[in-house]
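Colleague: This is the structure, below, for whatever I ask next.
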Amino acid sequence: MPTQVEDYRSPKVTVVGAGNVGGMLAQRIAKQNLADVVLYDIVQGKPQGIALDLLQAHTISDLDRQIIGTNDYSDTKDSDIIVVTAGLPRKDGMSRNDLLRINASIVKDVVQSTISLSPNAILLIVTNPLDVMTYLAWQVSGLPPQRVIGMAGVLDAARFQTFIAMELKISSADIYTTVLGGHGDLMLPLPRLSTVNGVPITELLSQEAITRLVERTRNGGAEIVQLLQNGSAYFAPSAAVNVMVESIISDRHRVLPAAAYLTGEYGLRDIFMGVPVQLGRQGAEKIVELKLLDEELAALHASAASIQANINLL
Ligand SMILES: NC(=O)C1=CN([C@@H]2O[C@H](COP(=O)(O)OP(=O)(O)OC[C@H]3O[C@@H](n4cnc5c(N)ncnc54)[C@H](O)[C@@H]3O)[C@@H](O)[C@H]2O)C=CC1
Ligand SMILES: O=C([O-])CC(=O)C(=O)O
């Protein structure tokens, strides 16, 4: 008979892709004591090196979660969550959609290799172009759509929040923002539903300022790609995935913006796109339908059409 202690199993999160986002995410998960982490990469030695470095850093900080780096998928067996960050980041001048074909083959390979070993896992997709890769991952995995979720909305909403805080010269802590739609040029920051402690920003900022901040949010990824000159953002993206992992592992049922499968919500179906989603142990437990104005709904449908066009290309 196993003892209670032997019965206990730490939550296990696999992060596929030990690059900028994946490495930083592994650090965040272990640092918060959320789960043991398996970091997988196709490049020999890279995940092992990062895992060792992280373990030694955590020893200094009295942290003791397991972090394993590997090139062997069998180490990912029985994961509770599989985060897919494997794939190419864009370079300056590229759109996320320019990564479609190359990243589709990587995501397909990763999902096929992992999900057979962890059939009960929840898949969190990060690789771009995000909404299309999430749809592809769902199709390849054969999982119920509730167990496949894409990360983008938390990041895009945080960018809008940051820019509002910078403009108003106030703490970002009291700002709540709503961003819907795909993780691309047609994403939909919604000023009407973005507030400072309950007051809509439409009452606090001029129309000129709002238009400028909405545009900057839409271009938030490209702005950083241009500045870095070699790769894309990873501090905020890894923080955004970490919040989602935490809500799922800890079954917190937080309502966060994320790419979820729509079955008629917002008048859309058979597509993954950014909407507010309740996240818990079951994955995307519930989609929240906001009451949108006609023009907002039309803009959301335009964003969906652009995702659909790229799904069709695949
Ligand atoms: N959804 C979002 O909001 C965001 C998405 N991204 C996307 O995430 C992806 C990763 O970005 P970074 O970490 O910055 O890139 P990176 O280049 O630093 O890391 C990617 C890693 O994937 C690995 N990889 C490539 N093919 C693989 C395979 N078949 N199996 C396993 N590993 C493989 C590479 O060896 C590399 O270590 C990119 O597609 C990027 O566009 C990045 C930031 C935000
Ligand atoms: O801009 C990129 O390519 C990476 C990304 O999705 C983001 O930072 O929003």
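A note on labels: chains of the structure tokens are A, B, ... as shown, every chain counts residues from 1, and ligands are counted from 1 in their shown order.
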Among the residues of segment 110-240 of chain A, find those DSSP assigns to helix (DSSP H, G or I) from the backbone and print them as a ChimeraX atom specification.

Modeller: /A:110-115,130-141,145-147,153-168,172-174,191-193,201-203,207-218,220-228,235-240

Colleague: Please extract the residues at most 6 Å from ligand 1, counting only C-alpha atoms and all ligand atoms, and provide them as a compact mmCIF listing (two decimals) with N, CA and C atoms, in the first residue's frame, using the chain letters and residue numbers of this document.

Modeller:
# COMPACT_ATOMS: atom_id res chain seq x y z
N VAL A 16 7.79 23.43 -23.59
CA VAL A 16 8.50 23.01 -24.80
C VAL A 16 9.03 24.26 -25.50
N GLY A 17 10.34 24.28 -25.69
CA GLY A 17 11.02 25.46 -26.22
C GLY A 17 11.76 26.14 -25.08
N ALA A 18 13.07 25.91 -25.02
CA ALA A 18 13.87 26.51 -23.93
C ALA A 18 14.51 27.80 -24.41
N GLY A 19 13.74 28.59 -25.13
CA GLY A 19 14.25 29.87 -25.63
C GLY A 19 13.97 30.97 -24.63
N ASN A 20 13.82 32.18 -25.16
CA ASN A 20 13.63 33.34 -24.29
C ASN A 20 12.36 33.22 -23.45
N VAL A 21 11.23 32.93 -24.11
CA VAL A 21 9.97 32.85 -23.36
C VAL A 21 9.97 31.60 -22.47
N GLY A 22 10.38 30.47 -23.04
CA GLY A 22 10.34 29.20 -22.29
C GLY A 22 11.25 29.22 -21.07
N ASP A 41 13.78 21.00 -25.27
CA ASP A 41 14.14 21.72 -26.50
C ASP A 41 14.78 20.72 -27.46
N ILE A 42 14.71 21.07 -28.73
CA ILE A 42 15.29 20.21 -29.76
C ILE A 42 16.81 20.37 -29.79
N VAL A 43 17.32 21.50 -29.33
CA VAL A 43 18.77 21.75 -29.35
C VAL A 43 19.42 21.00 -28.19
N THR A 85 6.14 26.82 -26.42
CA THR A 85 6.80 28.07 -26.83
C THR A 85 7.81 27.79 -27.94
N ALA A 86 7.81 26.56 -28.44
CA ALA A 86 8.78 26.19 -29.49
C ALA A 86 8.40 26.86 -30.80
N GLY A 87 9.39 27.37 -31.48
CA GLY A 87 9.13 27.99 -32.77
C GLY A 87 9.95 29.24 -32.96
N LEU A 88 9.87 29.78 -34.15
CA LEU A 88 10.67 30.97 -34.46
C LEU A 88 9.97 32.24 -34.00
N PRO A 89 10.74 33.18 -33.46
CA PRO A 89 10.19 34.52 -33.24
C PRO A 89 10.35 35.33 -34.53
N ARG A 90 9.57 36.40 -34.67
CA ARG A 90 9.70 37.19 -35.90
C ARG A 90 10.88 38.16 -35.80
N ILE A 106 6.42 22.94 -36.62
CA ILE A 106 7.01 22.72 -35.28
C ILE A 106 5.92 22.41 -34.26
N VAL A 110 5.44 19.04 -32.03
CA VAL A 110 5.50 19.11 -30.57
C VAL A 110 4.22 18.54 -29.95
N VAL A 126 1.75 29.27 -27.06
CA VAL A 126 2.35 30.62 -27.07
C VAL A 126 2.89 30.96 -28.46
N THR A 127 3.31 29.95 -29.19
CA THR A 127 3.95 30.15 -30.50
C THR A 127 3.05 30.94 -31.46
N ASN A 128 3.68 31.83 -32.22
CA ASN A 128 2.95 32.67 -33.19
C ASN A 128 2.90 32.06 -34.58
N LEU A 130 -0.44 33.27 -33.00
CA LEU A 130 -0.99 32.59 -31.83
C LEU A 130 -2.34 31.91 -32.05
N MET A 151 -2.18 31.86 -25.28
CA MET A 151 -1.84 33.06 -24.50
C MET A 151 -1.59 34.25 -25.42
N ALA A 152 -2.31 35.32 -25.20
CA ALA A 152 -2.03 36.59 -25.86
C ALA A 152 -2.77 37.72 -25.13
N GLY A 231 14.97 39.10 -32.09
CA GLY A 231 14.00 38.37 -31.26
C GLY A 231 12.89 39.28 -30.80
N SER A 232 11.95 38.70 -30.05
CA SER A 232 10.78 39.46 -29.62
C SER A 232 10.69 39.47 -28.09
N ALA A 233 9.62 40.08 -27.60
CA ALA A 233 9.45 40.26 -26.15
C ALA A 233 9.41 38.92 -25.42
N TYR A 234 9.90 38.90 -24.19
CA TYR A 234 9.80 37.65 -23.41
C TYR A 234 9.56 37.86 -21.92
N PRO A 237 5.62 38.40 -21.92
CA PRO A 237 4.94 37.17 -22.35
C PRO A 237 5.06 36.04 -21.34

Colleague: Could you please determine the separation between atom CA of Ala51 of chain A and atom CA of Gly221 of chain A in Å, to one decimal place?

Modeller: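 Between atom CA of Ala51 of chain A and atom CA of Gly221 of chain A the gap is 27.2 Å.
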
Colleague: Compile the contact shell of Arg281 of chain A as a PyMOL selection string: residues with an atom at most 8 Å away, counting only C-alpha atoms, same-chain residues fewer than 4 positions apart removed.

Modeller: chain A and resi 247-251

Colleague: Taking only C-alpha atoms and all ligand atoms into account, which of A:Ile201, A:Leu99, A:Ala299, A:Ile311 comes nearest ligand 2?

Modeller: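 Counting only C-alpha atoms and all ligand atoms, the residue closest to ligand 2 is A:Leu99.
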
Colleague: In Å, with one decimal, what is the gap from atom CA of Leu204 of chain A to atom CA of Ala173 of chain A?

Modeller: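 That distance, rounded to one decimal, is 16.3 Å.
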
Colleague: Have a look at A:Met187, A:Leu293, A:Val196, A:Val241 and name the one nearest to Ala305 of chain A; count only C-alpha atoms.

Modeller: A:Met187

Colleague: Using Å and a single decimal, report how far atom CA of His183 of chain A sits from atom CA of Met94 of chain A.

Modeller: 14.4 Å

Colleague: When distances are computed from only C-alpha atoms, which of A:Phe235, A:Trp138, A:Phe160, A:Tyr40 shows the smallest separation from Thr178 of chain A?

Modeller: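 Looking only at the distances to Thr178 of chain A, the closest residue turns out to be A:Phe160.
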
Colleague: Excluding segment 259-264 of chain A and residues on its chain fewer than 2 positions from it, collect all residues at most 8 Å away from it, counting only C-alpha atoms, and give them as a count of residues only.

Modeller: 25

Colleague: Any chance you could tabulate, as a tab-separated table, the residues of segment 97-150 of chain A at most 7 Å from segment 62-83 of chain A with each one's nearest atom pair and distance in Å to one decimal, using only C-alpha atoms, in chain and rising number order?

Modeller:
residue	atom	partner	partner_atom	distance
A:Ser113	CA	A:Tyr73	CA	6.9
A:Thr114	CA	A:Tyr73	CA	6.6
A:Leu117	CA	A:Lys77	CA	4.8
A:Ser118	CA	A:Asp78	CA	4.5
A:Asn120	CA	A:Asp80	CA	6.8
A:Ala121	CA	A:Asp80	CA	4.6
A:Ile122	CA	A:Ile81	CA	4.7
A:Leu123	CA	A:Ile82	CA	5.0
A:Leu124	CA	A:Val83	CA	4.6
A:Ile125	CA	A:Val83	CA	5.9

Colleague: Grab the residues selected above and save them as a PDB file, in the first residue's frame with C-alpha atoms.

Modeller:
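See part-v2.pdb below for the written result:
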ATOM      1  CA  SER A 113       5.047  14.092 -29.408  1.00  0.00           C
ATOM      2  CA  THR A 114       3.755  15.357 -26.076  1.00  0.00           C
ATOM      3  CA  LEU A 117       2.456  10.859 -23.147  1.00  0.00           C
ATOM      4  CA  SER A 118       0.212  13.261 -21.204  1.00  0.00           C
ATOM      5  CA  ASN A 120      -4.860  14.453 -19.491  1.00  0.00           C
ATOM      6  CA  ALA A 121      -2.820  17.611 -19.905  1.00  0.00           C
ATOM      7  CA  ILE A 122      -4.006  21.088 -20.709  1.00  0.00           C
ATOM      8  CA  LEU A 123      -2.220  22.620 -23.701  1.00  0.00           C
ATOM      9  CA  LEU A 124      -1.192  26.268 -23.465  1.00  0.00           C
ATOM     10  CA  ILE A 125       0.001  27.637 -26.779  1.00  0.00           C
TER      11      ILE A 125
END

Colleague: Point out the residue among A:Thr211, A:Gln278, A:Gln161, A:Asn97 with the least atom-to-atom distance to Ser194 of chain A, counting only C-alpha atoms.

Modeller: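 Between A:Thr211, A:Gln278, A:Gln161, A:Asn97, the residue approaching Ser194 of chain A most closely is A:Gln161.
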
Colleague: Determine the nearest neighbour of ligand 2 from the options A:Leu313, A:Ala304, A:Leu100, A:Ala209, counting only C-alpha atoms and all ligand atoms.

Modeller: A:Leu100

Colleague: Of the candidates A:Leu228, A:Ala240, A:Ile60, A:Ala104, which shows the shortest atom-to-atom distance to Lys91 of chain A, using only C-alpha atoms?

Modeller: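 Checking each candidate against Lys91 of chain A, we get A:Leu228 as the closest.
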
Colleague: Check segment 142-297 of chain A with DSSP on the backbone and list each residue it calls strand (DSSP E), as number ranges by chain.

Modeller: A: 148-150, 175-176, 179-180, 188-189, 195-196, 199-200, 254-263, 269-280, 283-287
